[in-house]
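Participant: File work.txt below, compact mmCIF, C-alpha atoms and all ligand atoms:
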# COMPACT_ATOMS: atom_id res chain seq x y z
CA MET A 294 93.52 -56.58 -80.96
CA SER A 295 90.03 -55.14 -80.51
CA ASN A 296 89.71 -51.78 -78.80
CA ILE A 297 86.10 -52.42 -77.90
CA PHE A 298 85.33 -52.11 -74.22
CA ASN A 299 82.16 -52.22 -72.14
CA ILE A 300 81.17 -50.54 -68.91
CA ALA A 301 78.47 -52.27 -66.87
CA LEU A 302 76.35 -50.06 -64.61
CA ASP A 303 73.93 -52.10 -62.54
CA GLY A 304 71.70 -51.17 -59.66
CA PRO A 305 68.11 -50.81 -58.47
CA SER A 306 65.43 -48.55 -59.97
CA GLY A 307 66.04 -44.85 -59.53
CA SER A 308 69.63 -45.15 -58.33
CA GLY A 309 70.75 -42.65 -60.97
CA LYS A 310 72.26 -45.20 -63.35
CA SER A 311 70.74 -43.75 -66.50
CA THR A 312 71.84 -40.18 -65.75
CA ILE A 313 75.35 -41.42 -64.99
CA ALA A 314 75.41 -43.70 -68.02
CA LYS A 315 74.32 -40.91 -70.40
CA LYS A 316 76.92 -38.45 -69.16
CA LEU A 317 79.66 -41.05 -68.98
CA SER A 318 79.05 -42.26 -72.52
CA SER A 319 79.13 -38.73 -73.88
CA LYS A 320 82.36 -37.95 -71.99
CA LEU A 321 83.98 -41.11 -73.34
CA ASP A 322 82.34 -40.71 -76.76
CA ILE A 323 80.89 -44.22 -76.76
CA LEU A 324 77.30 -45.47 -76.96
CA TYR A 325 74.87 -45.74 -74.09
CA LEU A 326 72.67 -48.84 -74.13
CA ASP A 327 69.68 -48.51 -71.83
CA THR A 328 68.73 -52.19 -71.41
CA GLY A 329 65.71 -51.34 -69.26
CA ALA A 330 64.13 -49.72 -72.34
CA MET A 331 64.16 -53.14 -74.02
CA TYR A 332 62.23 -54.77 -71.16
CA ARG A 333 59.86 -51.80 -71.13
CA ALA A 334 59.15 -52.13 -74.86
CA THR A 335 58.52 -55.86 -74.41
CA ALA A 336 56.06 -55.06 -71.62
CA LEU A 337 54.33 -52.52 -73.87
CA LYS A 338 53.97 -55.18 -76.54
CA ALA A 339 52.32 -57.59 -74.07
CA LEU A 340 50.02 -54.84 -72.79
CA SER A 341 48.98 -53.92 -76.33
CA LEU A 342 48.16 -57.57 -77.05
CA GLY A 343 46.26 -57.93 -73.77
CA ILE A 344 48.71 -60.59 -72.55
CA ASP A 345 49.38 -60.76 -68.81
CA THR A 346 53.01 -59.78 -68.12
CA PHE A 347 53.50 -62.82 -65.86
CA ASP A 348 52.05 -65.24 -68.44
CA ALA A 349 55.11 -67.09 -69.81
CA ASP A 350 53.05 -69.07 -72.36
CA GLY A 351 51.32 -65.94 -73.65
CA VAL A 352 54.55 -63.94 -73.87
CA SER A 353 56.37 -66.81 -75.58
CA THR A 354 53.91 -66.50 -78.51
CA PHE A 355 55.50 -63.20 -79.59
CA ILE A 356 58.92 -62.90 -77.95
CA ASP A 357 61.00 -64.73 -80.57
CA ASP A 358 59.68 -62.53 -83.37
CA ILE A 359 59.38 -59.27 -81.49
CA ASP A 360 60.09 -56.32 -83.78
CA LEU A 361 62.24 -54.37 -81.31
CA GLU A 362 64.98 -52.08 -82.54
CA ILE A 363 67.42 -49.76 -80.86
CA LYS A 364 68.50 -46.81 -83.00
CA TYR A 365 70.71 -43.85 -82.21
CA ILE A 366 69.59 -40.43 -83.39
CA ASP A 367 72.07 -37.62 -82.69
CA GLY A 368 73.70 -39.88 -80.13
CA THR A 369 70.45 -40.55 -78.24
CA GLN A 370 68.88 -43.99 -77.96
CA HIS A 371 65.43 -44.40 -79.49
CA THR A 372 63.46 -47.58 -78.93
CA TYR A 373 61.26 -48.81 -81.77
CA LEU A 374 58.50 -51.37 -81.41
CA ASP A 375 56.78 -52.60 -84.58
CA GLY A 376 58.38 -49.68 -86.42
CA GLU A 377 57.04 -47.04 -84.00
CA ASP A 378 59.25 -44.88 -81.80
CA VAL A 379 57.99 -45.77 -78.29
CA SER A 380 60.79 -44.02 -76.37
CA GLU A 381 58.30 -41.78 -74.52
CA ARG A 382 55.47 -44.27 -74.05
CA ILE A 383 57.68 -46.82 -72.31
CA ARG A 384 58.38 -44.29 -69.52
CA GLU A 385 54.75 -44.16 -68.40
CA PRO A 386 54.42 -45.35 -64.78
CA HIS A 387 52.19 -48.35 -65.55
CA VAL A 388 54.81 -49.65 -67.99
CA SER A 389 57.48 -49.59 -65.23
CA MET A 390 55.75 -52.23 -63.15
CA ALA A 391 54.80 -54.27 -66.23
CA ALA A 392 58.48 -54.22 -67.29
CA SER A 393 59.58 -55.44 -63.89
CA ASN A 394 57.01 -58.27 -64.09
CA ILE A 395 57.85 -59.36 -67.62
CA SER A 396 61.59 -59.23 -66.96
CA SER A 397 61.20 -62.17 -64.58
CA LEU A 398 60.32 -64.49 -67.49
CA LYS A 399 63.20 -66.62 -68.70
CA CYS A 400 62.08 -66.50 -72.36
CA VAL A 401 62.18 -62.69 -72.22
CA ARG A 402 65.59 -62.51 -70.55
CA LEU A 403 67.18 -64.97 -72.99
CA LYS A 404 65.97 -62.89 -75.93
CA MET A 405 67.04 -59.53 -74.44
CA VAL A 406 70.41 -60.81 -73.24
CA ASP A 407 71.15 -62.20 -76.70
CA MET A 408 70.40 -58.82 -78.29
CA GLN A 409 72.46 -56.96 -75.67
CA ARG A 410 75.49 -59.23 -76.10
CA LYS A 411 75.39 -58.74 -79.88
CA ILE A 412 75.36 -54.95 -79.52
CA ALA A 413 78.12 -54.93 -76.87
CA LYS A 414 80.33 -57.14 -79.03
CA THR A 415 80.31 -54.74 -81.97
CA MET A 416 80.86 -51.42 -80.19
CA SER A 417 82.16 -49.89 -77.01
CA CYS A 418 79.27 -48.93 -74.77
CA VAL A 419 78.03 -48.15 -71.32
CA LEU A 420 75.21 -50.55 -70.49
CA ASP A 421 72.86 -49.89 -67.63
CA GLY A 422 70.66 -52.61 -66.17
CA ARG A 423 70.34 -55.13 -63.37
CA ASP A 424 72.38 -58.13 -64.48
CA ILE A 425 74.95 -56.70 -66.88
CA GLY A 426 78.08 -57.32 -64.79
CA SER A 427 76.79 -60.53 -63.21
CA TYR A 428 75.22 -62.24 -66.21
CA VAL A 429 75.11 -60.44 -69.57
CA LEU A 430 78.77 -59.42 -69.74
CA PRO A 431 80.68 -61.13 -66.93
CA ASP A 432 83.91 -60.16 -68.72
CA ALA A 433 83.09 -56.45 -69.03
CA GLN A 434 86.23 -54.38 -68.50
CA PHE A 435 84.53 -52.11 -65.95
CA LYS A 436 81.71 -52.89 -63.56
CA PHE A 437 79.92 -50.56 -61.21
CA TYR A 438 76.99 -51.12 -58.90
CA ILE A 439 75.12 -47.83 -58.43
CA THR A 440 72.75 -47.64 -55.50
CA ALA A 441 70.91 -45.17 -53.22
CA SER A 442 68.44 -45.37 -50.34
CA VAL A 443 64.78 -46.07 -51.17
CA ASP A 444 63.72 -42.61 -49.95
CA VAL A 445 66.23 -40.83 -52.12
CA ARG A 446 65.27 -42.94 -55.14
CA ALA A 447 61.54 -42.33 -54.61
CA ASP A 448 62.20 -38.62 -54.24
CA ARG A 449 64.16 -38.52 -57.51
CA ARG A 450 61.45 -40.43 -59.39
CA PHE A 451 58.75 -38.19 -57.88
CA LYS A 452 60.50 -35.04 -59.13
CA GLU A 453 61.16 -36.56 -62.56
CA LEU A 454 57.53 -37.64 -63.08
CA THR A 455 56.05 -34.43 -61.65
CA LEU A 456 58.22 -32.40 -63.99
CA LYS A 457 56.82 -34.40 -66.90
CA GLY A 458 53.28 -33.55 -65.77
CA HIS A 459 52.39 -36.94 -64.22
CA LYS A 460 50.28 -36.78 -61.05
CA VAL A 461 51.92 -39.14 -58.55
CA ASP A 462 51.68 -39.86 -54.85
CA PHE A 463 55.04 -40.08 -53.08
CA GLU A 464 54.12 -42.95 -50.75
CA GLU A 465 52.62 -44.94 -53.64
CA LEU A 466 55.74 -44.37 -55.67
CA LYS A 467 57.95 -45.50 -52.79
CA LYS A 468 55.89 -48.68 -52.39
CA GLU A 469 56.17 -49.34 -56.11
CA ILE A 470 59.95 -48.92 -56.01
CA GLU A 471 60.18 -51.34 -53.08
CA GLN A 472 58.01 -53.82 -54.96
CA ARG A 473 60.20 -53.53 -58.08
CA ASP A 474 63.36 -53.94 -55.96
CA TYR A 475 61.86 -57.12 -54.54
CA ASN A 476 60.77 -58.46 -57.95
CA ASP A 477 64.06 -57.58 -59.62
CA SER A 478 66.25 -59.16 -56.96
CA HIS A 479 64.15 -62.25 -56.23
CA ARG A 480 63.43 -63.63 -59.70
CA ASP A 481 64.94 -67.06 -60.35
CA PHE A 482 66.86 -66.26 -63.49
CA ALA A 483 69.58 -63.56 -63.66
CA PRO A 484 68.26 -61.34 -60.85
CA LEU A 485 69.42 -57.86 -59.91
CA LYS A 486 72.78 -58.65 -58.39
CA GLN A 487 75.97 -56.91 -57.52
CA ALA A 488 78.79 -58.68 -59.38
CA ASP A 489 81.53 -59.80 -56.98
CA ASP A 490 84.05 -57.67 -58.85
CA ALA A 491 81.86 -54.55 -59.20
CA ILE A 492 82.74 -51.26 -57.55
CA VAL A 493 79.83 -50.10 -55.37
CA ILE A 494 78.87 -46.43 -55.37
CA ASP A 495 76.10 -45.15 -53.09
CA THR A 496 74.82 -42.00 -54.78
CA SER A 497 72.35 -40.99 -52.01
CA PHE A 498 74.35 -37.94 -51.02
CA MET A 499 76.48 -37.42 -54.11
CA SER A 500 76.01 -35.01 -57.00
CA VAL A 501 75.93 -36.44 -60.52
CA ASP A 502 79.32 -34.86 -61.26
CA ALA A 503 80.84 -36.39 -58.12
CA VAL A 504 79.65 -39.84 -59.21
CA ILE A 505 80.98 -39.33 -62.74
CA ASN A 506 84.36 -38.25 -61.39
CA LYS A 507 84.50 -41.28 -59.14
CA VAL A 508 83.65 -43.65 -62.01
CA LEU A 509 86.18 -41.94 -64.30
CA SER A 510 88.87 -42.13 -61.65
CA TYR A 511 88.53 -45.95 -61.64
CA ILE A 512 88.45 -46.17 -65.42
CA GLU A 513 91.50 -43.97 -65.86
CA LYS A 514 93.49 -45.87 -63.22
O1 LIG B 1 66.01 -49.54 -65.62
P1 LIG B 1 64.49 -49.51 -65.85
O2 LIG B 1 63.72 -48.98 -64.66
O3 LIG B 1 64.13 -48.80 -67.11
O4 LIG B 1 64.08 -51.05 -66.04
C1 LIG B 1 62.75 -51.48 -66.17
C2 LIG B 1 62.62 -52.91 -65.64
O5 LIG B 1 63.33 -53.79 -66.49
C3 LIG B 1 63.19 -53.14 -64.24
O6 LIG B 1 62.18 -53.13 -63.23
C4 LIG B 1 63.84 -54.48 -64.29
C5 LIG B 1 64.01 -54.79 -65.74
N1 LIG B 1 65.40 -54.87 -66.15
C6 LIG B 1 66.03 -56.07 -66.02
O7 LIG B 1 65.45 -57.00 -65.47
N2 LIG B 1 67.30 -56.23 -66.46
C7 LIG B 1 67.95 -55.22 -67.04
N3 LIG B 1 69.19 -55.43 -67.51
C8 LIG B 1 67.32 -53.97 -67.18
C9 LIG B 1 66.05 -53.81 -66.71
Once more with this new file: its structure as structure tokens, please.

Facilitator:
Amino acid sequence: MSNIFNIALDGPSGSGKSTIAKKLSSKLDILYLDTGAMYRATALKALSLGIDTFDADGVSTFIDDIDLEIKYIDGTQHTYLDGEDVSERIREPHVSMAASNISSLKCVRLKMVDMQRKIAKTMSCVLDGRDIGSYVLPDAQFKFYITASVDVRADRRFKELTLKGHKVDFEELKKEIEQRDYNDSHRDFAPLKQADDAIVIDTSFMSVDAVINKVLSYIEK
């Protein structure tokens, strides 16, 4: 019998999924697959080609042959596009909105979901995303839906970007998060959705360690 297991962590932007997923994967000594990075790299590709991120016909000209690779260096995920490590570039604020836009295209989702399923089949991992428990891996052994209020999420993103030297306006950032929430949960195909059998954790007033302990308590049960 296979010992491979998957943990799905879904939720809206800025809910703390990636921080939780990173720590959890290192505690359990399994991989962390940041699926958002894949949508971000796809958006970067469209931007570099001057293709509108809502233009399904334009995007379909490159999506099947996209040279997108996920590699792990010292246990950390690096995202490669056309052979270049774009792990930093895909975090730039303008790429966030472009990723949310492009992720609404069915041709993009089918390609990404196929890649994600292949990775999850070959190794145990924590996957963070929007549709992991509801669509990508409906049979995942563990499913969590991580959320937080919009204000708390905007505040976290503000601190993260400011620390990296980006100049951002809090109200703008909050509006952008609300817009991404709307896009991500209203697209036709595999939207952001809480799986019926997911455990919901609101992290608004919880420390990272408290969330990790809660998740681990369910896994160890
Ligand atoms: O988690 P993130 O902010 O890096 O994700 C960037 C965008 O990618 C997000 O706005 C929605 C999309 N996304 C998705 O549609 N499905 C996923 N499994 C992961 C991300």

Participant: Around ligand LIG 1 (chain B), which protein and nucleic acid residues have at least one atom no more than 8 Å from it, if we count only C-alpha atoms and all ligand atoms? List them as number ranges by chain.

Facilitator: A: 303, 305-307, 310-311, 327-333, 384, 389-397, 402, 406, 421-425, 473-474, 476-477, 483-485

Participant: So the first atom is CA of Ile313 in chain A and the second is CA of Leu326 in chain A; what is the distance between them in Å, to one decimal place?

Facilitator: 12.1 Å

Participant: What is the CA of Leu342 in chain A-CA of Glu381 in chain A distance in Å, reported with one decimal?

Facilitator: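 Pair CA of Leu342 in chain A / CA of Glu381 in chain A returns 18.9 Å.
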
Participant: Report the distance between CA of Lys467 in chain A and CA of Val443 in chain A in Å, rounded to one decimal place.

Facilitator: 7.0 Å

Participant: Pick out the closest residue to Asn506 in chain A from this set: A:Ala349, A:Lys320, A:Val379, A:Tyr428. Count only C-alpha atoms.

Facilitator: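 Result for the nearest residue to Asn506 in chain A: A:Lys320.
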
Participant: Applying 8 Å and all atoms listed in the file, which residues near Ala433 in chain A remain after dropping the ones on its own chain fewer than 6 positions away? List them as number ranges by chain.

Facilitator: A: 298-301, 426

Participant: Go through A:Val352, A:Ala314, A:Val501, A:Ala447 one by one, measure the shortest atom-to-atom distance of each to Lys404 in chain A using only C-alpha atoms, and give the residue with the smallest value.

Facilitator: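 Nearest to Lys404 in chain A: A:Val352.
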
Participant: Would you please work out which residue, of A:Leu321, A:Ile366, A:Ile494, A:Ile383, is nearest to Ser341 in chain A when using all atoms listed in the file?

Facilitator: A:Ile383

Participant: Measuring atom to atom with all atoms listed in the file, identify which of A:Phe437, A:Phe463, A:Asp360, A:Val504 is nearest to Asp489 in chain A.

Facilitator: A:Phe437

Participant: With distances taken over all atoms listed in the file, which of A:Tyr325, A:Gly309, A:Glu464, A:Ala334 is nearest to Tyr365 in chain A?

Facilitator: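 Closest to Tyr365 in chain A of all the choices is A:Tyr325.
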
Participant: For Glu471 in chain A, which residue out of A:Leu454, A:Ser318, A:Gly351, A:Arg446 is the nearest one, using all atoms listed in the file?

Facilitator: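 Checking each of A:Leu454, A:Ser318, A:Gly351, A:Arg446 against Glu471 in chain A, counting all atoms listed in the file, the winner is A:Arg446.
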